[in-house]
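Asks: The following file, target19.csv, comprises CSV, C-alpha atoms and all ligand atoms:
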```
chain,number,residue,atom,x,y,z
A,660,MET,CA,-117.5,-39.8,151.0
A,661,THR,CA,-121.2,-40.7,151.5
A,662,ARG,CA,-123.1,-40.9,148.3
A,663,PHE,CA,-126.8,-40.9,147.5
A,664,VAL,CA,-127.4,-43.2,144.6
A,665,ILE,CA,-130.6,-43.9,142.6
A,666,THR,CA,-130.8,-47.7,142.5
A,667,GLY,CA,-134.3,-48.2,141.1
A,668,THR,CA,-137.0,-46.4,139.2
A,669,GLY,CA,-140.7,-47.2,138.7
A,670,SER,CA,-143.8,-45.5,137.4
A,671,SER,CA,-147.5,-46.0,137.0
A,672,VAL,CA,-150.3,-44.4,135.0
A,673,PRO,CA,-154.0,-45.2,135.0
A,674,PRO,CA,-155.0,-47.5,132.1
A,675,ARG,CA,-157.5,-45.0,130.6
A,676,ARG,CA,-155.8,-43.0,127.8
A,677,VAL,CA,-157.6,-40.0,126.5
A,678,SER,CA,-156.4,-38.6,123.2
A,679,ASN,CA,-156.8,-34.9,122.2
A,680,ALA,CA,-159.4,-36.1,119.6
A,681,ALA,CA,-161.4,-37.7,122.4
A,682,LEU,CA,-161.3,-34.4,124.4
A,683,SER,CA,-162.3,-32.4,121.4
A,684,GLU,CA,-165.6,-34.4,121.2
A,685,LYS,CA,-166.5,-33.1,124.7
A,686,MET,CA,-165.2,-29.6,124.7
A,687,ASP,CA,-164.3,-26.7,122.3
A,688,THR,CA,-160.8,-27.6,121.4
A,689,SER,CA,-158.9,-29.6,118.8
A,690,ASP,CA,-156.0,-32.0,118.4
A,691,GLU,CA,-154.3,-29.4,116.2
A,692,TRP,CA,-154.5,-26.6,118.9
A,693,ILE,CA,-153.3,-28.8,121.7
A,694,ARG,CA,-150.4,-30.3,119.8
A,695,SER,CA,-149.2,-27.1,118.3
A,696,HIS,CA,-149.4,-25.1,121.5
A,697,THR,CA,-148.2,-27.7,124.0
A,698,GLY,CA,-146.8,-30.9,122.3
A,699,ILE,CA,-149.4,-33.0,124.1
A,700,ALA,CA,-151.1,-35.8,122.2
A,701,ALA,CA,-152.8,-37.7,125.0
A,702,ARG,CA,-153.0,-38.1,128.8
A,703,HIS,CA,-153.9,-40.8,131.2
A,704,MET,CA,-156.9,-40.2,133.5
A,705,ALA,CA,-157.7,-42.0,136.7
A,706,ASP,CA,-161.2,-43.5,137.2
A,707,GLU,CA,-163.2,-42.7,140.4
A,708,SER,CA,-161.8,-45.7,142.2
A,709,CYS,CA,-158.2,-44.6,141.9
A,710,ALA,CA,-156.6,-42.0,144.2
A,711,THR,CA,-153.1,-40.6,144.2
A,712,SER,CA,-151.8,-43.1,146.7
A,713,ASP,CA,-152.9,-46.0,144.5
A,714,LEU,CA,-150.7,-44.8,141.7
A,715,ALA,CA,-147.9,-43.9,144.2
A,716,VAL,CA,-147.9,-47.5,145.6
A,717,GLU,CA,-147.7,-49.1,142.1
A,718,ALA,CA,-144.8,-46.8,141.1
A,719,ALA,CA,-143.0,-47.5,144.5
A,720,ARG,CA,-143.4,-51.3,144.1
A,721,ALA,CA,-141.9,-51.1,140.6
A,722,ALA,CA,-138.9,-49.0,141.9
A,723,LEU,CA,-138.3,-51.4,144.8
A,724,GLU,CA,-138.3,-54.4,142.4
A,725,LYS,CA,-135.7,-52.7,140.2
A,726,ALA,CA,-133.6,-51.8,143.3
A,727,SER,CA,-133.7,-55.2,144.9
A,728,PRO,CA,-134.2,-57.7,142.0
A,729,GLY,CA,-135.4,-61.1,143.2
A,730,ALA,CA,-136.0,-59.9,146.8
A,731,PRO,CA,-139.5,-60.5,148.2
A,732,LEU,CA,-141.3,-57.2,148.0
A,733,ALA,CA,-142.2,-57.3,151.7
A,734,GLU,CA,-138.5,-57.6,152.6
A,735,ALA,CA,-137.6,-54.7,150.3
A,736,ALA,CA,-140.3,-52.6,151.8
A,737,ARG,CA,-139.1,-53.3,155.4
A,738,ALA,CA,-135.7,-51.9,154.4
A,739,VAL,CA,-137.1,-48.5,153.5
A,740,ASP,CA,-136.3,-45.8,156.1
A,741,VAL,CA,-137.9,-42.7,154.6
A,742,ILE,CA,-140.9,-42.2,152.2
A,743,VAL,CA,-141.3,-38.8,150.6
A,744,VAL,CA,-144.4,-38.3,148.5
A,745,ALA,CA,-144.4,-35.1,146.5
A,746,THR,CA,-148.0,-34.2,145.5
A,747,ALA,CA,-150.4,-31.3,145.0
A,748,THR,CA,-153.3,-33.8,144.9
A,749,PRO,CA,-153.2,-35.8,148.2
A,750,ASP,CA,-155.8,-38.4,148.9
A,751,TYR,CA,-157.0,-36.3,151.8
A,752,GLN,CA,-156.8,-32.6,152.5
A,753,GLY,CA,-154.2,-31.9,155.2
A,754,CYS,CA,-154.2,-35.2,157.0
A,755,PRO,CA,-153.4,-38.0,156.8
A,756,SER,CA,-150.5,-37.6,154.5
A,757,THR,CA,-150.5,-39.6,151.3
A,758,ALA,CA,-147.1,-40.9,152.3
A,759,CYS,CA,-148.6,-42.6,155.4
A,760,LEU,CA,-151.1,-44.4,153.1
A,761,VAL,CA,-148.3,-45.5,150.9
A,762,GLN,CA,-146.2,-46.6,153.9
A,763,HIS,CA,-149.0,-48.8,155.1
A,764,ALA,CA,-149.9,-50.3,151.7
A,765,LEU,CA,-146.3,-51.2,151.1
A,766,GLY,CA,-145.7,-52.6,154.6
A,767,ALA,CA,-142.8,-50.3,155.0
A,768,VAL,CA,-143.0,-50.6,158.8
A,769,ASN,CA,-139.6,-49.0,159.5
A,770,ALA,CA,-140.1,-45.9,157.4
A,771,ALA,CA,-140.8,-42.3,158.3
A,772,ALA,CA,-143.4,-40.9,155.9
A,773,LEU,CA,-144.1,-37.3,154.8
A,774,ASP,CA,-145.7,-35.4,152.0
A,775,LEU,CA,-144.0,-32.5,150.3
A,776,ALA,CA,-145.8,-29.6,148.7
A,777,ALA,CA,-143.7,-27.9,146.0
A,778,GLY,CA,-146.0,-28.2,143.0
A,779,CYS,CA,-144.4,-29.5,139.9
A,780,THR,CA,-141.0,-29.0,141.5
A,781,GLY,CA,-141.9,-31.5,144.2
A,782,PHE,CA,-139.8,-34.4,143.0
A,783,VAL,CA,-136.7,-32.2,142.7
A,784,TYR,CA,-137.3,-30.9,146.3
A,785,GLY,CA,-138.1,-34.5,147.4
A,786,LEU,CA,-134.8,-36.0,146.2
A,787,GLU,CA,-132.8,-33.4,148.2
A,788,THR,CA,-135.0,-33.8,151.2
A,789,ALA,CA,-134.7,-37.5,151.2
A,790,ALA,CA,-130.9,-37.3,150.9
A,791,GLY,CA,-130.8,-34.9,153.8
A,792,LEU,CA,-132.9,-37.2,156.0
A,793,LEU,CA,-130.6,-40.2,155.1
A,794,ALA,CA,-127.5,-38.0,155.8
A,795,VAL,CA,-128.4,-37.0,159.3
A,796,GLY,CA,-129.8,-40.4,160.4
A,797,PRO,CA,-127.1,-42.9,161.1
A,798,GLY,CA,-129.6,-45.8,161.0
A,799,ARG,CA,-131.1,-44.6,157.7
A,800,ALA,CA,-129.9,-46.1,154.5
A,801,ARG,CA,-132.8,-46.2,152.0
A,802,ALA,CA,-135.5,-43.8,150.8
A,803,LEU,CA,-138.4,-43.9,148.4
A,804,VAL,CA,-139.0,-40.6,146.6
A,805,ILE,CA,-142.3,-40.5,144.8
A,806,GLY,CA,-144.1,-37.9,142.7
A,807,ALA,CA,-147.8,-38.8,142.3
A,808,GLU,CA,-150.8,-36.8,141.1
A,809,THR,CA,-154.4,-37.2,140.0
A,810,LEU,CA,-154.8,-33.6,138.7
A,811,THR,CA,-157.5,-34.4,136.2
A,812,ARG,CA,-159.8,-34.8,139.1
A,813,PHE,CA,-159.2,-31.1,140.1
A,814,LEU,CA,-159.7,-29.3,136.8
A,815,ASP,CA,-162.4,-26.9,135.6
A,816,TRP,CA,-163.4,-28.7,132.4
A,817,GLY,CA,-165.1,-25.5,131.3
A,818,ASP,CA,-161.7,-23.8,131.1
A,819,ARG,CA,-160.1,-25.2,128.0
A,820,SER,CA,-156.8,-23.3,128.4
A,821,VAL,CA,-156.0,-25.3,131.6
A,822,SER,CA,-157.9,-28.6,131.5
A,823,VAL,CA,-156.3,-29.9,128.3
A,824,LEU,CA,-152.8,-29.6,129.8
A,825,PHE,CA,-152.8,-32.2,132.6
A,826,GLY,CA,-152.7,-35.9,133.1
A,827,ASP,CA,-152.5,-38.4,136.0
A,828,GLY,CA,-149.6,-40.7,137.0
A,829,ALA,CA,-146.8,-41.4,139.4
A,830,GLY,CA,-143.1,-42.0,139.3
A,831,ALA,CA,-140.8,-43.2,142.0
A,832,VAL,CA,-137.1,-43.8,142.7
A,833,VAL,CA,-135.2,-45.7,145.4
A,834,LEU,CA,-132.4,-43.6,146.9
A,835,ASP,CA,-129.7,-45.5,148.7
A,836,LYS,CA,-127.1,-44.1,151.0
A,837,VAL,CA,-123.7,-45.6,150.2
A,838,SER,CA,-121.1,-44.8,152.9
A,839,ALA,CA,-117.4,-44.7,152.1
A,840,ALA,CA,-116.7,-47.8,154.3
A,841,GLU,CA,-119.0,-50.1,152.3
A,842,ASP,CA,-118.2,-48.6,149.0
A,843,GLY,CA,-115.3,-50.5,147.6
A,844,ARG,CA,-116.3,-50.3,144.0
A,845,ALA,CA,-114.1,-47.9,142.0
A,846,ALA,CA,-116.7,-47.4,139.3
A,847,SER,CA,-119.5,-46.7,141.8
A,848,PRO,CA,-121.6,-43.8,140.6
A,849,ARG,CA,-121.4,-40.6,142.6
A,850,GLY,CA,-125.2,-40.3,142.6
A,851,LEU,CA,-126.8,-37.0,143.6
A,852,LEU,CA,-124.1,-34.4,143.2
A,853,ARG,CA,-125.9,-31.2,143.8
A,854,SER,CA,-129.4,-29.7,143.9
A,855,LEU,CA,-130.7,-26.2,143.4
A,856,LEU,CA,-134.0,-25.4,145.3
A,857,ARG,CA,-135.6,-22.0,144.8
A,858,ALA,CA,-139.0,-20.3,145.4
A,859,ASP,CA,-140.7,-17.1,144.5
A,860,GLY,CA,-143.9,-16.8,146.5
A,861,SER,CA,-144.7,-13.5,144.8
A,862,GLY,CA,-146.2,-15.7,142.1
A,863,ALA,CA,-148.3,-17.7,144.5
A,864,GLN,CA,-151.6,-16.6,142.8
A,865,ASP,CA,-150.5,-17.7,139.4
A,866,LEU,CA,-151.1,-21.5,140.0
A,867,ILE,CA,-153.5,-22.1,142.8
A,868,PHE,CA,-156.4,-24.1,144.3
A,869,ARG,CA,-158.3,-21.0,145.6
A,870,ARG,CA,-160.8,-22.9,147.7
A,871,GLY,CA,-160.7,-25.5,150.4
A,872,GLY,CA,-157.7,-24.3,152.5
A,873,SER,CA,-157.8,-22.1,155.7
A,874,ARG,CA,-157.9,-18.9,153.6
A,875,ALA,CA,-161.1,-19.9,151.9
A,876,PRO,CA,-162.6,-23.1,153.5
A,877,PHE,CA,-165.7,-24.7,152.1
A,878,ARG,CA,-168.7,-23.8,154.3
A,879,ALA,CA,-171.6,-26.0,155.4
A,880,GLY,CA,-174.6,-25.4,153.2
A,881,GLU,CA,-172.8,-23.6,150.5
A,882,THR,CA,-173.5,-24.5,146.9
A,883,LEU,CA,-170.4,-24.7,144.7
A,884,GLU,CA,-170.6,-23.5,141.1
A,885,LYS,CA,-167.5,-25.5,140.3
A,886,GLY,CA,-165.6,-28.3,142.1
A,887,MET,CA,-162.2,-27.6,143.7
A,888,HIS,CA,-160.0,-26.8,140.7
A,889,LEU,CA,-156.6,-25.5,139.6
A,890,SER,CA,-156.5,-21.8,138.5
A,891,MET,CA,-153.6,-20.7,136.3
A,892,ASN,CA,-152.3,-17.5,134.8
A,893,GLY,CA,-150.9,-19.3,131.7
A,894,ARG,CA,-148.9,-16.4,130.2
A,895,ALA,CA,-147.3,-15.5,133.6
A,896,VAL,CA,-146.4,-19.2,134.2
A,897,TYR,CA,-145.0,-19.5,130.7
A,898,THR,CA,-142.6,-16.6,131.2
A,899,PHE,CA,-141.6,-17.7,134.7
A,900,ALA,CA,-141.1,-21.3,133.5
A,901,VAL,CA,-138.7,-20.4,130.6
A,902,LYS,CA,-136.6,-18.2,133.0
A,903,ALA,CA,-136.7,-20.8,135.8
A,904,LEU,CA,-135.5,-23.6,133.4
A,905,CYS,CA,-132.6,-21.4,132.1
A,906,GLU,CA,-131.5,-20.3,135.5
A,907,THR,CA,-131.6,-23.8,137.0
A,908,ILE,CA,-129.6,-25.4,134.2
A,909,GLU,CA,-127.0,-22.5,134.1
A,910,ALA,CA,-126.6,-22.4,137.9
A,911,LEU,CA,-126.1,-26.2,138.3
A,912,LEU,CA,-123.6,-26.4,135.4
A,913,ALA,CA,-121.7,-23.3,136.7
A,914,ALA,CA,-121.6,-24.7,140.3
A,915,GLU,CA,-120.0,-27.9,139.0
A,916,ARG,CA,-117.9,-26.1,136.4
A,917,LEU,CA,-119.5,-28.2,133.7
A,918,SER,CA,-120.4,-27.5,130.1
A,919,HIS,CA,-123.8,-28.8,128.8
A,920,GLU,CA,-121.8,-31.1,126.4
A,921,ARG,CA,-121.0,-33.2,129.5
A,922,LEU,CA,-124.7,-33.9,130.2
A,923,ALA,CA,-126.2,-37.1,128.8
A,924,TRP,CA,-129.8,-35.8,129.4
A,925,ILE,CA,-131.6,-32.9,130.7
A,926,VAL,CA,-134.9,-34.1,132.2
A,927,PRO,CA,-137.2,-31.1,132.4
A,928,HIS,CA,-140.7,-30.9,134.0
A,929,GLN,CA,-143.0,-31.8,131.2
A,930,ALA,CA,-145.5,-28.8,131.2
A,931,ASN,CA,-145.3,-27.7,127.7
A,932,ALA,CA,-142.9,-28.6,124.9
A,933,ARG,CA,-142.7,-25.0,123.8
A,934,ILE,CA,-141.3,-24.0,127.2
A,935,VAL,CA,-138.5,-26.5,126.7
A,936,GLN,CA,-137.9,-25.4,123.1
A,937,ALA,CA,-137.7,-21.7,124.2
A,938,ALA,CA,-135.3,-22.5,127.0
A,939,ALA,CA,-133.1,-24.7,124.8
A,940,LYS,CA,-132.9,-21.9,122.2
A,941,ARG,CA,-132.0,-19.3,124.9
A,942,LEU,CA,-129.3,-21.5,126.4
A,943,GLY,CA,-127.9,-22.6,123.0
A,944,ILE,CA,-128.4,-26.3,124.0
A,945,PRO,CA,-129.6,-28.7,121.3
A,946,GLU,CA,-133.3,-29.7,121.9
A,947,GLU,CA,-132.3,-33.4,121.6
A,948,LYS,CA,-130.5,-33.1,124.9
A,949,PHE,CA,-133.9,-32.5,126.6
A,950,PHE,CA,-135.9,-35.7,127.2
A,951,LEU,CA,-139.6,-35.2,126.4
A,952,ASN,CA,-142.5,-37.6,126.9
A,953,ILE,CA,-145.2,-35.0,127.3
A,954,ALA,CA,-146.9,-36.2,124.1
A,955,ASP,CA,-148.0,-39.4,125.9
A,956,TYR,CA,-148.7,-38.2,129.4
A,957,ALA,CA,-149.4,-34.4,129.3
A,958,ASN,CA,-148.4,-32.5,132.5
A,959,THR,CA,-148.4,-34.9,135.5
A,960,SER,CA,-147.0,-32.2,137.8
A,961,ALA,CA,-144.8,-33.7,140.5
A,962,ALA,CA,-144.8,-37.1,138.8
A,963,SER,CA,-143.5,-35.9,135.5
A,964,ILE,CA,-139.7,-36.0,136.2
A,965,PRO,CA,-139.7,-39.4,137.9
A,966,LEU,CA,-142.0,-40.8,135.1
A,967,ALA,CA,-139.5,-39.5,132.5
A,968,LEU,CA,-136.5,-40.9,134.5
A,969,ASP,CA,-138.2,-44.3,134.6
A,970,GLU,CA,-138.9,-44.3,130.9
A,971,LEU,CA,-135.3,-43.4,130.1
A,972,ASN,CA,-134.0,-46.1,132.6
A,973,ARG,CA,-136.3,-48.9,131.4
A,974,SER,CA,-135.6,-48.2,127.7
A,975,GLY,CA,-131.8,-48.6,128.3
A,976,ARG,CA,-131.0,-44.9,127.6
A,977,LEU,CA,-129.2,-44.3,130.9
A,978,HIS,CA,-125.7,-45.7,131.3
A,979,PRO,CA,-123.4,-45.8,134.4
A,980,GLY,CA,-121.5,-42.5,134.7
A,981,ASP,CA,-124.1,-40.5,132.7
A,982,LEU,CA,-124.7,-37.0,134.0
A,983,ILE,CA,-128.4,-36.2,134.3
A,984,LEU,CA,-129.8,-32.8,135.1
A,985,SER,CA,-133.4,-32.6,136.2
A,986,ALA,CA,-135.1,-29.2,136.1
A,987,GLY,CA,-138.5,-28.5,137.6
A,988,PHE,CA,-140.8,-25.4,138.0
A,989,GLY,CA,-144.3,-25.1,139.3
A,990,ALA,CA,-146.8,-23.9,141.9
A,991,GLY,CA,-145.5,-21.8,144.7
A,992,LEU,CA,-143.9,-20.6,142.6
A,993,THR,CA,-141.0,-23.0,143.0
A,994,TYR,CA,-138.2,-24.1,140.8
A,995,GLY,CA,-134.9,-26.0,140.9
A,996,GLY,CA,-133.0,-29.1,139.7
A,997,ASN,CA,-130.8,-32.0,140.6
A,998,LEU,CA,-127.5,-33.0,139.1
A,999,ILE,CA,-127.1,-36.7,139.2
A,1000,GLU,CA,-124.3,-39.1,138.1
A,1001,TRP,CA,-126.1,-42.3,137.1
B,1101,LIG,N1,-158.2,-25.3,122.5
B,1101,LIG,C1,-158.4,-24.3,121.6
B,1101,LIG,N2,-158.2,-23.0,121.7
B,1101,LIG,C2,-157.7,-22.7,122.9
B,1101,LIG,C3,-157.4,-23.6,124.0
B,1101,LIG,C4,-157.7,-24.9,123.7
B,1101,LIG,N3,-157.5,-25.9,124.6
B,1101,LIG,N4,-157.0,-22.9,125.0
B,1101,LIG,C5,-156.9,-21.6,124.7
B,1101,LIG,N5,-157.4,-21.5,123.4
B,1101,LIG,C6,-157.5,-20.2,122.6
B,1101,LIG,C7,-157.7,-19.0,123.5
B,1101,LIG,O1,-159.1,-18.9,123.8
B,1101,LIG,C8,-157.2,-17.9,122.6
B,1101,LIG,O2,-158.1,-17.6,121.7
B,1101,LIG,P1,-158.4,-16.1,121.2
B,1101,LIG,O3,-157.1,-15.6,120.7
B,1101,LIG,O4,-159.5,-16.2,120.3
B,1101,LIG,O5,-158.7,-15.4,122.5
B,1101,LIG,C9,-156.0,-18.6,121.9
B,1101,LIG,O6,-156.2,-20.0,122.0
B,1101,LIG,C10,-154.7,-18.2,122.4
B,1101,LIG,O7,-154.7,-18.4,123.8
B,1101,LIG,P2,-153.5,-18.1,124.7
B,1101,LIG,O8,-153.8,-18.3,126.2
B,1101,LIG,O9,-152.8,-16.8,124.3
B,1101,LIG,O10,-152.6,-19.3,124.2
B,1101,LIG,P3,-151.0,-19.5,124.5
B,1101,LIG,O11,-150.4,-19.6,123.1
B,1101,LIG,O12,-150.4,-18.5,125.4
B,1101,LIG,O13,-151.0,-20.9,125.2
B,1101,LIG,C11,-150.8,-22.1,127.3
B,1101,LIG,C12,-151.7,-21.2,126.4
B,1101,LIG,C13,-150.6,-23.3,126.5
B,1101,LIG,C14,-151.6,-22.4,128.5
B,1101,LIG,C15,-149.5,-21.3,127.6
B,1101,LIG,O14,-149.8,-20.1,128.1
B,1101,LIG,C16,-148.7,-22.1,128.6
B,1101,LIG,O15,-148.1,-23.1,128.2
B,1101,LIG,N6,-148.5,-21.6,129.8
B,1101,LIG,C17,-147.8,-22.3,130.8
B,1101,LIG,C18,-148.6,-23.4,131.3
B,1101,LIG,C19,-147.9,-24.3,132.2
B,1101,LIG,O16,-146.8,-24.6,132.0
B,1101,LIG,N7,-148.5,-24.6,133.3
B,1101,LIG,C20,-148.1,-25.5,134.3
B,1101,LIG,C21,-146.7,-25.2,134.8
B,1101,LIG,S1,-146.4,-25.6,136.4
B,1101,LIG,C22,-147.3,-26.9,136.7
B,1101,LIG,O17,-147.0,-27.8,136.0
B,1101,LIG,C23,-148.4,-27.0,137.7
```
Translate the structure of the given file into structure tokens.

Replies:
Amino acid sequence: MTRFVITGTGSSVPPRRVSNAALSEKMDTSDEWIRSHTGIAARHMADESCATSDLAVEAARAALEKASPGAPLAEAARAVDVIVVATATPDYQGCPSTACLVQHALGAVNAAALDLAAGCTGFVYGLETAAGLLAVGPGRARALVIGAETLTRFLDWGDRSVSVLFGDGAGAVVLDKVSAAEDGRAASPRGLLRSLLRADGSGAQDLIFRRGGSRAPFRAGETLEKGMHLSMNGRAVYTFAVKALCETIEALLAAERLSHERLAWIVPHQANARIVQAAAKRLGIPEEKFFLNIADYANTSAASIPLALDELNRSGRLHPGDLILSAGFGAGLTYGGNLIEW
């Protein structure tokens, strides 16, 4: 049986760390409010010189080094057949894709490159998309799946209920196709077992960049009151997110006839610790099973799940055979998850 196995993880955040206390010096908020309502303590923010592709490239290089230890990076990059970049904050609007910029910077001269727009569920969608592209292409063996964002550049800093929630960063994984013929190792992980990908476009207006697209393009000569920014209906997203997390976890476990006790980790999208706590309570799953690093990074959208996976991996908390369930939800609205044997 052909398997799709994560063989390396990497991540990157901009060096500038901004605490809640630092934010509260510039706007009407407080460390106490942000922590108690979201679990966030700090976020990393990109400086002007850093775009989404810069973070994506750093995360991808780190993942390639993990997947091919000791190999020259140029060689590892040439072995990549597919690059998927999940992002809501591409370097450029529409074209070129951020994935093409990453492809060039890495020297991945043999790779197809595409962006994927599924909001904060982008990495979950990206993993399944990459596995599909590897599956149908006989000559394809290795994919890079990257979630990368610079959302702090697209926030209305006058809207405290949205702007305190987000941070910048990127996470990446190397996904290798292992065919039955070359897979003699009995203990080889089964890799990506199953994904659930869902969408509910009726909630499209709840998380949205209203301006800049074909529906409402910027016009020559117009004066903008605010820069392009993310608008959010926080209450509606909260309710959706708890339901989406529960449905994703229940559906993936049921499809594989598993109980949650079999899972080593649930890696949820890191949007708000309270969303995770509410879902854990509703599902009767101990909170400790959910990996949370939102305190340090805030919501990094499509980057949050691969950033969390990399932190788990590098800190030695993932072991061969562990079952991991990722669960995302976000703009679209979209939601879904991946069940992975490590
Ligand atoms: N600092 C201080 N006070 C604040 C802040 C802030 N940063 N933001 C809001 N408040 C105030 C409000 O003004 C309000 O005050 P009032 O009662 O005097 O009017 C009070 O706090 C409560 O506001 P609510 O909006 O009711 O706060 P709530 O407890 O619902 O929390 C939050 C708001 C955190 C945004 C919550 O609705 C939420 O988490 N929603 C989901 C957000 C999310 O997950 N988004 C992203 C998901 S998808 C993706 O990642 C792109």

Asks: Find, counting only C-alpha atoms, the residue in A:Ile665, A:Cys759, A:Met891, A:Leu773 that gets nearest to Leu834 of chain A.

Replies: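 Among the listed residues, the smallest separation from Leu834 of chain A belongs to A:Ile665.
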
Asks: Dig up all the protein and nucleic acid residues within 8 Å of (-157.1, -32.8, 144.9) in the file frame, using all atoms listed in the file, and format them as a VMD selection string.

Replies: chain A and resid 747 to 752 809 to 810 812 to 813 887 to 888

Asks: Report as a ChimeraX atom specification which protein, DNA and RNA residues come within 6 Å of ligand LIG 1101 (chain B), using all atoms listed in the file.

Replies: /A:688-689,692-693,696-697,778-779,819-820,823,893-894,896-897,930-931,960,988-990

Asks: Pick from A:Ala772, A:Ala858, A:Ala701, A:Leu803: nearest to Leu760 of chain A, with only C-alpha atoms counted?

Replies: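 Closest to Leu760 of chain A, using only C-alpha atoms: A:Ala772.
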
Asks: In Å to one decimal, how far is atom CA of Ala839 of chain A from atom CA of Pro797 of chain A?

Replies: 13.4 Å

Asks: Just how far from atom CA of Ser963 of chain A is atom CA of Leu922 of chain A, in Å to one decimal?

Replies: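 A separation of 19.6 Å between them.
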
Asks: Hey, which of A:Glu1000, A:Glu707, A:Asp827, A:Glu881 ends up closest to Asp955 of chain A? Count only C-alpha atoms.

Replies: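 For Asp955 of chain A, the nearest of the given residues is A:Asp827.
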
Asks: Using all atoms listed in the file, find the one residue out of A:Leu866, A:Ala770, A:Val935, A:Leu765 that sits nearest to Val821 of chain A.

Replies: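 Counting all atoms listed in the file, the residue closest to Val821 of chain A is A:Leu866.
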
Asks: Taking (-153.3, -45.9, 138.2) in the file's coordinates, which residues come within 10 Å, counting all atoms listed in the file, written as a PyMOL selection string?

Replies: chain A and resi 670-675+703-706+708-718+807-809+827-829

Asks: For Asn679 of chain A, which residue among A:Leu732, A:Met660, A:Ile699, A:Leu723 is the nearest when counting only C-alpha atoms?

Replies: A:Ile699

Asks: Keeping just N, CA, C and O atoms, export segment 811-823 of chain A of this structure as a PDB file, in the first residue's frame.

Replies:
```pdb
ATOM      1  N   THR A 811      -0.502  40.108  10.866  1.00  0.00           N
ATOM      2  CA  THR A 811      -0.470  41.358  11.648  1.00  0.00           C
ATOM      3  C   THR A 811      -0.363  42.572  10.728  1.00  0.00           C
ATOM      4  O   THR A 811      -0.599  43.699  11.155  1.00  0.00           O
ATOM      5  N   ARG A 812      -0.006  42.321   9.471  1.00  0.00           N
ATOM      6  CA  ARG A 812       0.068  43.418   8.499  1.00  0.00           C
ATOM      7  C   ARG A 812      -1.320  43.795   7.968  1.00  0.00           C
ATOM      8  O   ARG A 812      -1.470  44.819   7.309  1.00  0.00           O
ATOM      9  N   PHE A 813      -2.308  42.952   8.221  1.00  0.00           N
ATOM     10  CA  PHE A 813      -3.649  43.167   7.659  1.00  0.00           C
ATOM     11  C   PHE A 813      -4.711  43.235   8.751  1.00  0.00           C
ATOM     12  O   PHE A 813      -5.755  42.612   8.665  1.00  0.00           O
ATOM     13  N   LEU A 814      -4.389  43.972   9.804  1.00  0.00           N
ATOM     14  CA  LEU A 814      -5.329  44.115  10.916  1.00  0.00           C
ATOM     15  C   LEU A 814      -5.695  45.579  11.079  1.00  0.00           C
ATOM     16  O   LEU A 814      -4.884  46.462  10.783  1.00  0.00           O
ATOM     17  N   ASP A 815      -6.906  45.811  11.531  1.00  0.00           N
ATOM     18  CA  ASP A 815      -7.336  47.162  11.894  1.00  0.00           C
ATOM     19  C   ASP A 815      -6.971  47.347  13.361  1.00  0.00           C
ATOM     20  O   ASP A 815      -7.661  46.830  14.241  1.00  0.00           O
ATOM     21  N   TRP A 816      -5.894  48.074  13.612  1.00  0.00           N
ATOM     22  CA  TRP A 816      -5.404  48.201  14.989  1.00  0.00           C
ATOM     23  C   TRP A 816      -6.340  49.052  15.842  1.00  0.00           C
ATOM     24  O   TRP A 816      -6.163  49.171  17.053  1.00  0.00           O
ATOM     25  N   GLY A 817      -7.369  49.624  15.200  1.00  0.00           N
ATOM     26  CA  GLY A 817      -8.397  50.336  15.962  1.00  0.00           C
ATOM     27  C   GLY A 817      -9.483  49.388  16.451  1.00  0.00           C
ATOM     28  O   GLY A 817     -10.362  49.767  17.216  1.00  0.00           O
ATOM     29  N   ASP A 818      -9.467  48.149  15.994  1.00  0.00           N
ATOM     30  CA  ASP A 818     -10.463  47.156  16.410  1.00  0.00           C
ATOM     31  C   ASP A 818      -9.800  46.173  17.378  1.00  0.00           C
ATOM     32  O   ASP A 818      -9.191  45.186  16.966  1.00  0.00           O
ATOM     33  N   ARG A 819      -9.922  46.459  18.647  1.00  0.00           N
ATOM     34  CA  ARG A 819      -9.184  45.666  19.646  1.00  0.00           C
ATOM     35  C   ARG A 819      -9.682  44.234  19.755  1.00  0.00           C
ATOM     36  O   ARG A 819      -8.965  43.352  20.216  1.00  0.00           O
ATOM     37  N   SER A 820     -10.939  43.991  19.340  1.00  0.00           N
ATOM     38  CA  SER A 820     -11.456  42.629  19.517  1.00  0.00           C
ATOM     39  C   SER A 820     -10.883  41.677  18.461  1.00  0.00           C
ATOM     40  O   SER A 820     -10.969  40.463  18.614  1.00  0.00           O
ATOM     41  N   VAL A 821     -10.278  42.209  17.400  1.00  0.00           N
ATOM     42  CA  VAL A 821      -9.663  41.352  16.376  1.00  0.00           C
ATOM     43  C   VAL A 821      -8.133  41.442  16.428  1.00  0.00           C
ATOM     44  O   VAL A 821      -7.423  40.432  16.388  1.00  0.00           O
ATOM     45  N   SER A 822      -7.607  42.661  16.565  1.00  0.00           N
ATOM     46  CA  SER A 822      -6.167  42.856  16.352  1.00  0.00           C
ATOM     47  C   SER A 822      -5.295  42.165  17.396  1.00  0.00           C
ATOM     48  O   SER A 822      -4.153  41.814  17.113  1.00  0.00           O
ATOM     49  N   VAL A 823      -5.828  41.947  18.607  1.00  0.00           N
ATOM     50  CA  VAL A 823      -4.983  41.318  19.636  1.00  0.00           C
ATOM     51  C   VAL A 823      -4.840  39.807  19.424  1.00  0.00           C
ATOM     52  O   VAL A 823      -4.029  39.160  20.083  1.00  0.00           O
TER      53      VAL A 823
END
```
